[in-house]
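Source file: run12.tsv; contents: TSV, C-alpha atoms.
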```
chain	number	residue	atom	x	y	z
O	1	MET	CA	66.51	33.35	17.64
O	2	PHE	CA	66.19	35.79	14.83
O	3	THR	CA	62.92	37.12	13.53
O	4	CYS	CA	62.35	38.99	10.34
O	5	LYS	CA	60.07	41.92	10.64
O	6	GLY	CA	58.23	43.38	7.70
O	7	PHE	CA	57.72	40.07	5.97
O	8	LYS	CA	54.29	38.45	5.61
O	9	LYS	CA	53.58	34.81	5.15
O	10	VAL	CA	52.41	34.26	1.62
O	11	THR	CA	49.84	31.52	1.02
O	12	ILE	CA	49.47	30.32	-2.52
O	13	ALA	CA	45.89	29.18	-3.24
O	14	SER	CA	45.60	25.93	-5.12
O	15	GLU	CA	42.59	24.83	-7.11
O	16	MET	CA	40.44	22.12	-5.57
O	17	ASP	CA	40.53	18.84	-7.43
O	18	LEU	CA	36.89	18.19	-8.32
O	19	LYS	CA	37.54	15.17	-10.51
O	20	PRO	CA	36.73	12.56	-7.80
O	21	PHE	CA	33.48	14.37	-6.97
O	22	MET	CA	32.51	14.66	-10.65
O	23	ASN	CA	33.24	10.97	-11.17
O	24	LEU	CA	30.95	10.17	-8.24
O	25	MET	CA	28.15	12.31	-9.69
O	26	VAL	CA	28.51	10.70	-13.12
O	27	VAL	CA	27.87	7.31	-11.53
O	28	LEU	CA	25.33	8.38	-8.89
O	29	ILE	CA	22.91	10.48	-10.97
O	30	PRO	CA	22.05	7.78	-13.56
O	31	MET	CA	21.60	5.25	-10.76
O	32	LEU	CA	19.16	7.56	-8.95
O	33	LEU	CA	17.21	8.23	-12.15
O	34	VAL	CA	16.89	4.51	-12.87
O	35	SER	CA	15.67	3.74	-9.34
O	36	ALA	CA	13.29	6.71	-9.14
O	37	GLU	CA	9.54	6.21	-9.43
O	38	PHE	CA	7.24	8.92	-10.72
O	39	ALA	CA	3.55	9.44	-10.06
O	40	LYS	CA	1.21	11.87	-11.76
O	41	VAL	CA	-0.64	14.24	-9.44
O	42	ALA	CA	-4.07	15.49	-10.43
O	43	VAL	CA	-7.36	16.71	-8.98
O	44	VAL	CA	-10.27	14.54	-10.08
O	45	ASP	CA	-13.94	15.08	-9.27
O	46	ILE	CA	-15.33	11.82	-7.92
O	47	ASN	CA	-18.76	11.07	-6.50
O	48	LEU	CA	-18.64	8.62	-3.63
O	49	PRO	CA	-21.04	5.65	-3.59
O	50	GLU	CA	-24.05	6.03	-1.33
O	51	ASP	CA	-23.24	2.85	0.59
O	52	ARG	CA	-19.67	3.21	1.83
O	53	LYS	CA	-19.91	0.47	4.41
O	54	SER	CA	-18.74	-3.08	3.92
O	55	GLY	CA	-20.39	-5.94	5.74
O	56	ALA	CA	-19.62	-9.62	5.88
O	57	ASN	CA	-22.17	-10.21	3.14
O	58	ASN	CA	-20.25	-7.92	0.81
O	59	HIS	CA	-17.11	-9.97	1.31
O	60	ASN	CA	-18.78	-13.32	0.81
O	61	ARG	CA	-20.76	-12.51	-2.30
O	62	GLN	CA	-19.42	-12.25	-5.84
O	63	THR	CA	-18.02	-8.76	-6.29
O	64	GLU	CA	-19.69	-6.49	-8.82
O	65	ARG	CA	-17.74	-5.65	-11.96
O	66	PRO	CA	-17.90	-2.16	-13.45
O	67	GLU	CA	-18.35	-1.97	-17.21
O	68	PRO	CA	-16.19	0.49	-19.18
O	69	LYS	CA	-17.63	3.12	-21.50
O	70	ASP	CA	-15.99	4.68	-24.55
O	71	GLY	CA	-13.19	2.14	-24.27
O	72	LEU	CA	-11.95	3.62	-20.97
O	73	LEU	CA	-12.29	1.99	-17.57
O	74	SER	CA	-11.05	4.97	-15.49
O	75	LEU	CA	-10.19	2.65	-12.62
O	76	THR	CA	-10.04	4.47	-9.28
O	77	ALA	CA	-9.15	3.39	-5.75
O	78	ILE	CA	-10.83	5.71	-3.25
O	79	VAL	CA	-9.37	5.73	0.25
O	80	THR	CA	-10.83	7.52	3.27
O	81	ASP	CA	-10.02	7.26	6.97
O	82	SER	CA	-12.17	4.12	7.33
O	83	VAL	CA	-13.14	2.76	3.89
O	84	LEU	CA	-11.45	1.73	0.66
O	85	THR	CA	-13.54	1.53	-2.52
O	86	ILE	CA	-12.70	0.54	-6.09
O	87	GLY	CA	-14.70	2.38	-8.72
O	88	ALA	CA	-14.80	2.83	-12.47
O	89	ARG	CA	-16.98	4.29	-15.22
O	90	GLY	CA	-19.65	1.65	-14.67
O	91	GLY	CA	-20.00	2.00	-10.90
O	92	PHE	CA	-18.41	0.84	-7.67
O	93	MET	CA	-17.43	-2.50	-6.21
O	94	PRO	CA	-18.49	-3.24	-2.60
O	95	SER	CA	-16.50	-1.03	-0.24
O	96	ILE	CA	-14.00	-2.45	2.23
O	97	ALA	CA	-14.42	-1.00	5.71
O	98	TYR	CA	-11.32	-1.31	7.85
O	99	ARG	CA	-9.74	-0.77	11.23
O	100	GLU	CA	-6.35	0.90	11.36
O	101	TYR	CA	-3.39	-0.14	13.49
O	102	HIS	CA	0.14	1.29	13.71
O	103	GLU	CA	3.21	-0.83	14.35
O	104	TYR	CA	6.07	0.78	16.29
O	105	VAL	CA	9.65	-0.28	17.05
O	106	ALA	CA	11.33	1.64	19.89
O	107	LYS	CA	14.80	2.88	19.00
O	108	ASP	CA	16.17	2.63	22.53
O	109	ASP	CA	15.34	-1.01	23.34
O	110	GLN	CA	13.85	-2.35	20.04
O	111	THR	CA	10.51	-3.10	21.70
O	112	LYS	CA	7.95	-3.88	19.00
O	113	PHE	CA	4.24	-3.29	19.55
O	114	VAL	CA	1.00	-2.49	17.71
O	115	VAL	CA	-1.59	0.10	18.74
O	116	THR	CA	-5.03	1.02	17.46
O	117	TYR	CA	-4.70	4.27	15.54
O	118	GLU	CA	-6.49	7.27	17.03
O	119	PRO	CA	-6.04	10.61	15.20
O	120	GLY	CA	-4.15	13.12	17.31
O	121	VAL	CA	-3.16	10.57	19.97
O	122	ILE	CA	0.58	9.89	20.43
O	123	PRO	CA	1.19	6.29	21.58
O	124	LYS	CA	3.36	5.54	24.60
O	125	HIS	CA	6.08	2.95	25.07
O	126	PRO	CA	4.40	-0.06	26.75
O	127	LEU	CA	7.27	-0.44	29.27
O	128	SER	CA	8.80	2.99	29.92
O	129	GLY	CA	5.68	5.04	29.21
O	130	ARG	CA	7.56	7.62	27.14
O	131	MET	CA	5.95	9.24	24.12
O	132	MET	CA	6.88	7.53	20.86
O	133	ASN	CA	8.31	9.47	17.93
O	134	LEU	CA	6.75	9.43	14.49
O	135	ASN	CA	9.97	8.07	12.96
O	136	GLU	CA	9.61	4.99	15.20
O	137	ARG	CA	6.44	3.99	13.35
O	138	GLN	CA	7.35	1.05	11.12
O	139	ASN	CA	4.10	0.12	9.42
O	140	ILE	CA	0.44	1.03	8.98
O	141	LEU	CA	-1.83	-2.02	9.13
O	142	LEU	CA	-5.35	-1.97	7.69
O	143	TYR	CA	-7.62	-4.92	8.49
O	144	ALA	CA	-11.03	-5.44	6.89
O	145	SER	CA	-14.01	-5.30	9.25
O	146	ASP	CA	-17.75	-5.95	9.09
O	147	GLU	CA	-20.59	-3.57	9.95
O	148	ASN	CA	-20.04	-4.27	13.67
O	149	GLN	CA	-16.32	-3.42	13.42
O	150	ASN	CA	-15.36	-7.06	13.93
O	151	LEU	CA	-12.23	-8.08	12.04
O	152	ILE	CA	-12.81	-10.34	9.04
O	153	LYS	CA	-10.47	-13.34	8.99
O	154	ARG	CA	-9.27	-15.25	5.94
O	155	TYR	CA	-6.75	-18.01	5.28
O	156	TYR	CA	-3.10	-17.25	4.48
O	157	THR	CA	-0.05	-19.37	3.78
O	158	LYS	CA	2.82	-19.42	6.27
O	159	ASP	CA	4.58	-17.01	3.89
O	160	ASN	CA	1.75	-14.48	4.37
O	161	GLU	CA	0.14	-15.09	0.96
O	162	LEU	CA	-3.63	-14.58	0.83
O	163	LEU	CA	-5.54	-17.63	-0.43
O	164	THR	CA	-8.49	-17.56	-2.85
O	165	ASP	CA	-10.65	-20.07	-4.67
O	166	GLY	CA	-10.76	-20.47	-8.44
O	167	ASN	CA	-13.00	-17.40	-8.77
O	168	GLY	CA	-10.66	-15.18	-6.77
O	169	GLU	CA	-12.84	-15.15	-3.64
O	170	THR	CA	-11.01	-15.15	-0.30
O	171	LEU	CA	-11.46	-18.19	1.94
O	172	ALA	CA	-12.92	-18.32	5.45
O	173	SER	CA	-12.66	-22.13	5.60
O	174	LEU	CA	-10.35	-24.84	4.28
O	175	ALA	CA	-10.50	-28.62	3.97
O	176	ALA	CA	-7.89	-31.20	3.10
O	177	GLY	CA	-7.87	-31.82	-0.63
O	178	ASP	CA	-9.02	-28.31	-1.59
O	179	THR	CA	-7.31	-26.64	-4.53
O	180	VAL	CA	-6.64	-22.98	-3.76
O	181	TYR	CA	-4.61	-20.12	-5.22
O	182	THR	CA	-2.36	-17.42	-3.82
O	183	ASP	CA	-3.06	-13.78	-4.65
O	184	ASN	CA	0.33	-13.34	-6.30
O	185	ASN	CA	0.64	-12.09	-9.86
O	186	PRO	CA	0.70	-14.62	-11.47
O	187	LYS	CA	-1.28	-16.78	-9.07
O	188	ARG	CA	0.19	-19.98	-7.66
O	189	MET	CA	-1.92	-23.12	-7.26
O	190	VAL	CA	-1.78	-24.90	-3.90
O	191	VAL	CA	-3.34	-28.23	-2.95
O	192	VAL	CA	-4.27	-28.35	0.74
O	193	LYS	CA	-2.78	-31.41	2.41
O	194	ASN	CA	-2.58	-30.29	6.02
O	195	ILE	CA	-4.71	-27.40	7.28
O	196	ALA	CA	-2.07	-26.74	9.95
O	197	ASP	CA	0.17	-25.45	7.15
O	198	PHE	CA	-2.12	-22.42	6.79
O	199	GLU	CA	-3.24	-19.60	9.09
O	200	LEU	CA	-6.63	-17.98	9.63
O	201	LYS	CA	-5.89	-14.34	10.42
O	202	PRO	CA	-7.25	-10.82	9.86
O	203	LEU	CA	-7.73	-9.94	6.21
O	204	SER	CA	-5.35	-7.19	5.12
O	205	VAL	CA	-7.07	-4.48	3.10
O	206	TYR	CA	-3.94	-4.18	0.98
O	207	ASP	CA	-4.11	-7.89	0.09
O	208	GLU	CA	-7.82	-7.71	-0.73
O	209	LEU	CA	-7.15	-4.64	-2.88
O	210	GLN	CA	-4.47	-6.49	-4.85
O	211	ASN	CA	-6.78	-9.49	-5.24
O	212	ARG	CA	-9.57	-7.35	-6.69
O	213	LEU	CA	-7.22	-5.43	-8.97
O	214	ILE	CA	-5.80	-8.66	-10.39
O	215	LYS	CA	-9.33	-9.84	-11.23
O	216	LEU	CA	-10.13	-6.53	-12.91
O	217	LYS	CA	-6.89	-6.69	-14.87
O	218	GLN	CA	-7.76	-10.12	-16.20
O	219	ARG	CA	-11.26	-9.02	-17.22
O	220	TYR	CA	-10.37	-5.65	-18.78
O	221	ARG	CA	-6.91	-6.33	-20.18
O	222	ASP	CA	-7.83	-4.91	-23.60
O	223	VAL	CA	-9.26	-1.51	-22.60
O	224	LYS	CA	-7.29	1.57	-23.61
O	225	ASP	CA	-6.33	2.53	-20.06
O	226	ALA	CA	-5.68	-1.04	-18.86
O	227	ASN	CA	-2.42	0.00	-17.17
O	228	GLU	CA	-3.79	3.06	-15.38
O	229	ILE	CA	-5.26	3.58	-11.94
O	230	ILE	CA	-6.17	6.70	-9.99
O	231	ILE	CA	-5.66	6.73	-6.22
O	232	ALA	CA	-8.02	9.32	-4.75
O	233	ALA	CA	-7.35	10.10	-1.10
O	234	GLU	CA	-9.52	12.00	1.33
O	235	ASN	CA	-8.02	14.86	3.34
O	236	GLY	CA	-6.19	13.54	6.38
O	237	VAL	CA	-5.28	10.15	4.91
O	238	LEU	CA	-1.69	9.36	5.91
O	239	TYR	CA	0.70	9.28	2.97
O	240	ASP	CA	2.20	5.97	4.11
O	241	LYS	CA	-1.16	4.32	3.39
O	242	ILE	CA	-1.16	5.76	-0.13
O	243	VAL	CA	2.36	4.41	-0.71
O	244	GLN	CA	1.30	0.88	0.27
O	245	ILE	CA	-1.74	1.12	-2.02
O	246	MET	CA	0.59	2.19	-4.84
O	247	ASP	CA	2.79	-0.84	-4.17
O	248	LYS	CA	-0.20	-3.19	-4.41
O	249	ALA	CA	-1.37	-1.50	-7.62
O	250	ARG	CA	2.04	-2.09	-9.20
O	251	ALA	CA	2.01	-5.71	-8.01
O	252	ALA	CA	-1.35	-6.14	-9.79
O	253	ASP	CA	0.23	-4.83	-13.02
O	254	TYR	CA	-0.97	-1.21	-12.96
O	255	PRO	CA	2.28	0.72	-13.59
O	256	ASP	CA	0.67	4.07	-14.50
O	257	ILE	CA	-0.50	5.56	-11.22
O	258	MET	CA	-2.11	8.96	-10.73
O	259	ILE	CA	-2.62	10.42	-7.26
O	260	SER	CA	-5.57	12.74	-6.75
O	261	LYS	CA	-7.22	14.62	-3.93
O	262	LEU	CA	-10.75	13.53	-3.11
O	263	ARG	CA	-13.09	16.50	-3.08
O	264	SER	CA	-15.88	16.48	-0.54
```
Write-out of the structure in structure tokens:
Amino acid sequence: MFTCKGFKKVTIASEMDLKPFMNLMVVLIPMLLVSAEFAKVAVVDINLPEDRKSGANNHNRQTERPEPKDGLLSLTAIVTDSVLTIGARGGFMPSIAYREYHEYVAKDDQTKFVVTYEPGVIPKHPLSGRMMNLNERQNILLYASDENQNLIKRYYTKDNELLTDGNGETLASLAAGDTVYTDNNPKRMVVVKNIADFELKPLSVYDELQNRLIKLKQRYRDVKDANEIIIAAENGVLYDKIVQIMDKARAADYPDIMISKLRS
């Protein structure tokens, strides 16, 4: 075998072909921009209502309707760690007190369970006893409660649609022959034939929020800021809750959403 000494292997550098990558970016960037959602962030001074509790009487009575001034409604959804309140220039609607639950799905064995939320407490797997990870939390559930912390129950369809009467009030009882409406936007009329086709279950705060926002939209459709809503969150409110409130606001036809920090 012969070897040549004094010669070095010469490597000729070739330019990287970036055309496939550029083609991908040309397609990907517009798609991301189209699917992106933007929210305005602001700090708004808001005075909380004196009565921040919500009892059964508040849910059963006709909700108060704030009156706009200067052509602006300034609709605001105020969320704290235990209460959600809708307010505007004219005042506040009855607050919705709630109890908070977190739904988890274990990654190792797909066990699904719900726990009562306690700040600073990490839930454990009901079978193995291991500490759950935050990324295993699938959903944050908020259920309306009365002054005694008892869950308020209302009727839903089998497809999880909240039912209301003709005035938009949620229903604690049903009878065959009743004409009711779902809280969709637009609403869907349903004639009750068999009560077994419906379920009485805890009232979701998100559903009640959407129901109230739809009623406000119908009443104040012509105000200058009819498409706007401010979501004011207290310190410590989990962002996932704010996201679900934003989703319900969009479903009620409020596309312009501003997120603000609630000052104490």
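Distance annotation: of O:Glu228, O:Glu100, O:Asp256, O:Asp178, the residue with the minimal separation from Gln149 in chain O is O:Glu100; atom set is all atoms listed in the file.
Shortest separation to Lys215 in chain O among O:Glu103, O:Asp247, O:Asp109, O:Glu169 occurs at residue O:Glu169, atoms counted being only C-alpha atoms.
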(request) Quick one: pull the distance between CA of Met131 in chain O and CA of Asp81 in chain O, Å, one decimal. (result) 23.5 Å
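The spacing separating CA of Leu171 in chain O from CA of Lys153 in chain O amounts to 8.6 Å.
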Against range 110-119 of chain O, which residues of range 123-195 of chain O fall within 10 Å? For each one I want the closest pair of atoms and the distance in Å (one decimal), counting only C-alpha atoms, rows by chain and increasing residue number, as a Markdown table.
```
| residue | atom | partner | partner_atom | distance |
| --- | --- | --- | --- | --- |
| O:Pro123 | CA | O:Val115 | CA | 7.4 |
| O:Lys124 | CA | O:Val115 | CA | 9.4 |
| O:His125 | CA | O:Thr111 | CA | 8.2 |
| O:Pro126 | CA | O:Phe113 | CA | 7.9 |
| O:Leu127 | CA | O:Thr111 | CA | 8.7 |
| O:Glu136 | CA | O:Gln110 | CA | 9.8 |
| O:Arg137 | CA | O:Val114 | CA | 9.5 |
| O:Gln138 | CA | O:Lys112 | CA | 9.3 |
| O:Asn139 | CA | O:Val114 | CA | 9.2 |
| O:Ile140 | CA | O:Tyr117 | CA | 8.9 |
| O:Leu141 | CA | O:Val114 | CA | 9.0 |
```
So that I have them on file, write out the residues from the current selection with C-alpha atoms, as a tab-separated table (two decimals), keeping the file's coordinate frame.
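Final file, selection26.tsv:
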```tsv
chain	number	residue	atom	x	y	z
O	123	PRO	CA	1.19	6.29	21.58
O	124	LYS	CA	3.36	5.54	24.60
O	125	HIS	CA	6.08	2.95	25.07
O	126	PRO	CA	4.40	-0.06	26.75
O	127	LEU	CA	7.27	-0.44	29.27
O	136	GLU	CA	9.61	4.99	15.20
O	137	ARG	CA	6.44	3.99	13.35
O	138	GLN	CA	7.35	1.05	11.12
O	139	ASN	CA	4.10	0.12	9.42
O	140	ILE	CA	0.44	1.03	8.98
O	141	LEU	CA	-1.83	-2.02	9.13
```
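Counting from CA of Thr76 in chain O, the distance to CA of Leu213 in chain O is 10.3 Å.
Here the selection is built from only C-alpha atoms, and the residues within 6 Å of (-10.5, -3.1, -24.3) turn out to be Gly71, Asp222, Val223 and Lys224 of chain O.
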(request) Go through O:Pro202, O:Gly166, O:Gly129, O:Pro20 one by one, measure the shortest atom-to-atom distance of each to Thr179 in chain O using only C-alpha atoms, and give the residue with the smallest value. (result) O:Gly166
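Compared by their closest atoms to Lys217 in chain O, and using all atoms listed in the file, the residues O:Lys19, O:Ser204, O:Val243, O:Leu75 rank with O:Leu75 nearest.
Contact shell of Val180 in chain O at 6 Å (all atoms listed in the file; same-chain neighbours under 6 positions omitted): Thr164, Asp165, Met189 and Val190 of chain O.
Nearest residue to Ser74 in chain O, choosing from O:Tyr239, O:Phe92, O:Tyr101, O:Tyr143 and counting all atoms listed in the file: O:Phe92.
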(message) Tell me which residues come within 10 Å of (-8.2, -10.6, 14.7), as an MDAnalysis selection string, counting all atoms listed in the file in the file's coordinates.
(response) chainID O and resid 143:145 150:154 200:203
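If all atoms listed in the file are the atoms counted, then among O:Pro30, O:Gly91, O:Gly120, O:Gly236 the closest residue to Lys261 in chain O is O:Gly236.
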